[in-house]
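Undergrad: Dropping a structure here in structure tokens format, bear with me for questions.
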Amino acid sequence: YQARLCRLDIYLRGYMHFFTAVLVFFLAAVCQPSFAEVRSPEESLSSAVASQNVVDVQLVIDELHHIDVSAGNFKIVAESLLSWQADPSWREHIQQIREPQFFYGHLLEDLQKKIWVPEFVLANAEAKRETMVRTLLVHPNLRVELYEKFDAVLAMDTELPGYPFEDLDITIDMQAINGSVQELRLRPVALALGHAGVEHSVIHGNWSAREFFFAETRIPSLNFGGSKEFSEARFHVTVQHDYIDVAQKIFIPLMAITILSIVISRFCSLTLLNAGQNARIVGQLTLILTTIALKFSLSNELPRTHYVTFLDLLFLSVTSVVTINLLTSMYINHLFTQGNHESAIQLQIRSDWILPILAIVLIGIC
């Protein structure tokens with residue numbers, strides 16, 4: 001009987017050890033997610049970005065100049081302010097935040113090596129932007145403001161078939177680079193042309209602002225392997241060209257060339273023989289060369305497009321009017337030299353009223 005009790009005790013002890021081992025493995029499996037929460041510094045940084053991914057963006061444009069529709073770019077001097085709610089882990093790197101802490105220069109560079117700060121690139125920049133000053137302000141409630149003043153040369157869309165009577169939309173595209181749209185969102189909240197209360201001409205040249213607005217978009221990028229989208233804060237400024245400048249540089253000279261061509265054809269009669277021949281033919285030829293020279297002199301101020309713009313049609317119409325007047329004068333002169341005086345006189349009488357109507361029609365087509 002005692003032997004049976006000993007064997008039973010051994011069996012019970014064995015079962016207890018077995019169930020204890022099973023219970024230990026079960027508890028280990030249940031607690032595994034807790035152990036998995038211990039992450040490397042890089043993983044902790046990604047978690048901080050994911051939880052605090054909304055960054056408000058404000059932009060103030062100080063200077064907007066050298067708007068070149070021929071080259072398709074413009075120059076800008078602007079101030080940006082990025083603000084967001086920082087992760088509580090910031091307190092480990094910034095001690096005693098009882099009042100706003102200000103960082104700049106090497107202090108800001110050292111701080112960026114320890115904590116995450118949102119970064120952006122100007123997506124439509126033709127070259128690297130030049131940063132004039134960069135500062136970071138941390139408030140006691142861990143609200144962070146990153147300020148930067150910069151200048152850059154930006155590209156713009158010059159699809160202007162109705163130039164100069166069409167508005168030009170120029171943009172400043174601020175694209176996030178150190179976090180995809182799931183990790184970093186740039187949310188535009190304000191745009192201003194110059195600071196309030198400061199009398200200063202922001203837009204230089206023969207342009208004036210008509211309206212400005214902003215929008216939040218997502219765009220693909222090869223960054224992070226090319227499989228993710230990135231947030232972009234896009235600021236629009238719609239400008240229009242000064243019509244007085246266009247009138248004195250283009251419209252008045254072209255109208256003067258057209259009127260002079262018609263006057264020469266009407267009053268410099270080829271019946272005056274040599275005097276009329278020289279005035280009419282040489283005058284029309286001079287006007288053609290003047291029109292071509294005017295077009296080339298304004299080439300840097302006209303948009304370079306693959307289609308015909310309004311100004312291209314205007315130059316083409318004026319050139320056609322002067323060319324037709326020149327060819328008509330040469331043909332009438334040919335009839336006179338061949339002795340067909342009656343035919344030449346009849347053609348000149350008809351051209352005196354047909355050519356002005358033709359000029360009006362050609363220019364009216366524009």
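Lettering and numbering for the structure tokens are positional, with chains as A, B, ... in the shown order, residues counted from 1 in each chain, and ligands counted from 1 in the shown order.
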So which residues touch range 236-248 of chain A within 9 Å, counting only C-alpha atoms, skipping near sequence neighbours fewer than 3 positions away, as a list in words?

TA: Tyr163, Pro164, Phe165, Glu166, Asp167, Leu168, Asp169, Ile170, Thr171, Ile172, Asp173, Leu191, Gly205, Asn206, Trp207, Ser208, Ala209, Arg210, Glu211, Phe212, Phe213, Phe214, Ala215, Phe251, Ile252 and Pro253 of chain A

Undergrad: Identify, on the basis of only C-alpha atoms, every residue whose closest approach to Asp62 in chain A does not exceed 8 Å; exclude the query and any residue fewer than 2 positions from it along the same chain; express the result as an MDAnalysis selection string.

TA: chainID A and resid 60 64 76:79 193:195 202

Undergrad: Counting only C-alpha atoms, which of A:Lys114, A:Leu327, A:Ile262, A:Ile177 gets nearest to Pro220 in chain A?

TA: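 The closest residue to Pro220 in chain A is A:Ile177.
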
Undergrad: Determine the nearest neighbour of Phe74 in chain A from the options A:Asp157, A:Lys149, A:Val121, A:Val57, counting only C-alpha atoms.

TA: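 With only C-alpha atoms as the atom set, the closest residue is A:Asp157.
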
Undergrad: Within 10 Å of range 96-104 of chain A, counting only C-alpha atoms, which residues qualify if same-chain residues fewer than 4 places away don't, as a count of residues only?

TA: 22

Undergrad: Please return, as a PDB file with C-alpha atoms, in the first residue's frame, all residues of range 46-285 of chain A that DSSP assigns to alpha helix (DSSP H) on the basis of the backbone.

TA:
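And here is the file that came out, states39.pdb:
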ATOM      1  CA  SER A  46       8.975  56.661 -36.339  1.00  0.00           C
ATOM      2  CA  SER A  47       6.326  56.151 -33.694  1.00  0.00           C
ATOM      3  CA  ALA A  48       6.672  59.754 -32.568  1.00  0.00           C
ATOM      4  CA  VAL A  49       6.261  60.972 -36.139  1.00  0.00           C
ATOM      5  CA  ALA A  50       3.220  58.786 -36.734  1.00  0.00           C
ATOM      6  CA  SER A  51       1.483  60.051 -33.599  1.00  0.00           C
ATOM      7  CA  GLY A 105      22.760  78.046 -35.269  1.00  0.00           C
ATOM      8  CA  HIS A 106      24.808  75.137 -33.913  1.00  0.00           C
ATOM      9  CA  LEU A 107      22.368  74.740 -30.993  1.00  0.00           C
ATOM     10  CA  LEU A 108      19.590  73.899 -33.449  1.00  0.00           C
ATOM     11  CA  GLU A 109      21.892  71.572 -35.409  1.00  0.00           C
ATOM     12  CA  ASP A 110      22.820  69.676 -32.248  1.00  0.00           C
ATOM     13  CA  LEU A 111      19.166  69.412 -31.228  1.00  0.00           C
ATOM     14  CA  GLN A 112      18.159  68.021 -34.644  1.00  0.00           C
ATOM     15  CA  TYR A 243      -1.557  96.490 -69.697  1.00  0.00           C
ATOM     16  CA  ILE A 244      -0.004  99.960 -69.984  1.00  0.00           C
ATOM     17  CA  ASP A 245       3.449  98.426 -70.331  1.00  0.00           C
ATOM     18  CA  VAL A 246       2.204  96.055 -73.028  1.00  0.00           C
ATOM     19  CA  ILE A 252       1.221 101.172 -80.091  1.00  0.00           C
ATOM     20  CA  PRO A 253       4.300 100.300 -82.217  1.00  0.00           C
ATOM     21  CA  LEU A 254       2.397  97.617 -84.149  1.00  0.00           C
ATOM     22  CA  MET A 255      -0.578  99.876 -84.748  1.00  0.00           C
ATOM     23  CA  ALA A 256       1.782 102.626 -85.911  1.00  0.00           C
ATOM     24  CA  ILE A 257       3.447 100.216 -88.359  1.00  0.00           C
ATOM     25  CA  THR A 258       0.054  99.121 -89.738  1.00  0.00           C
ATOM     26  CA  ILE A 259      -1.216 102.706 -90.185  1.00  0.00           C
ATOM     27  CA  LEU A 260       2.038 103.850 -91.824  1.00  0.00           C
ATOM     28  CA  SER A 261       1.891 100.927 -94.231  1.00  0.00           C
ATOM     29  CA  ILE A 262      -1.660 101.831 -95.290  1.00  0.00           C
ATOM     30  CA  VAL A 263      -0.805 105.554 -95.574  1.00  0.00           C
ATOM     31  CA  ILE A 264       2.243 104.822 -97.740  1.00  0.00           C
ATOM     32  CA  SER A 265       0.163 102.613-100.027  1.00  0.00           C
ATOM     33  CA  ARG A 266      -2.594 105.222-100.269  1.00  0.00           C
ATOM     34  CA  PHE A 267      -0.713 108.493-100.730  1.00  0.00           C
ATOM     35  CA  ASN A 274      10.654 107.313-109.547  1.00  0.00           C
ATOM     36  CA  ALA A 275       9.659 109.387-106.495  1.00  0.00           C
ATOM     37  CA  GLY A 276       6.574 107.302-105.854  1.00  0.00           C
ATOM     38  CA  GLN A 277       8.376 104.032-106.517  1.00  0.00           C
ATOM     39  CA  GLY A 283       8.911 102.402 -97.089  1.00  0.00           C
ATOM     40  CA  GLN A 284       7.075  99.070 -96.984  1.00  0.00           C
ATOM     41  CA  LEU A 285      10.359  97.146 -96.889  1.00  0.00           C
TER      42      LEU A 285
END

Undergrad: Using DSSP on the backbone coordinates, identify the residues of range 63-287 of chain A assigned to strand (DSSP E or B); present them as a PyMOL selection string.

TA: chain A and resi 63-68+73-85+101-104+120-122+125+130-138+143-155+168-176+185-193+203+207-220+229-241

Undergrad: Between A:Met132, A:Ile203, A:Ala127, A:Leu122, which one has atoms that come closest to His66 in chain A, using only C-alpha atoms?

TA: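 Residue with the minimum atom-to-atom distance to His66 in chain A: A:Ile203.
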
Undergrad: Near range 224-229 of chain A, within 7 Å and counting only C-alpha atoms, which residues show up once chain neighbours fewer than 6 positions away are dropped, as a ChimeraX atom specification?

TA: /A:180-181,218

Undergrad: Enter the distance from CA of Ile67 in chain A to CA of Phe310 in chain A, in Å, rounded to one decimal.

TA: 19.4 Å

Undergrad: Counting only C-alpha atoms, which of A:Asp87, A:Glu63, A:Asp68, A:Asp151 gets nearest to Ser299 in chain A?

TA: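 Looking only at the distances to Ser299 in chain A, the closest residue turns out to be A:Asp68.
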
Undergrad: Any idea what the distance is between CA of Leu186 in chain A and CA of Asp56 in chain A?

TA: 6.1 Å
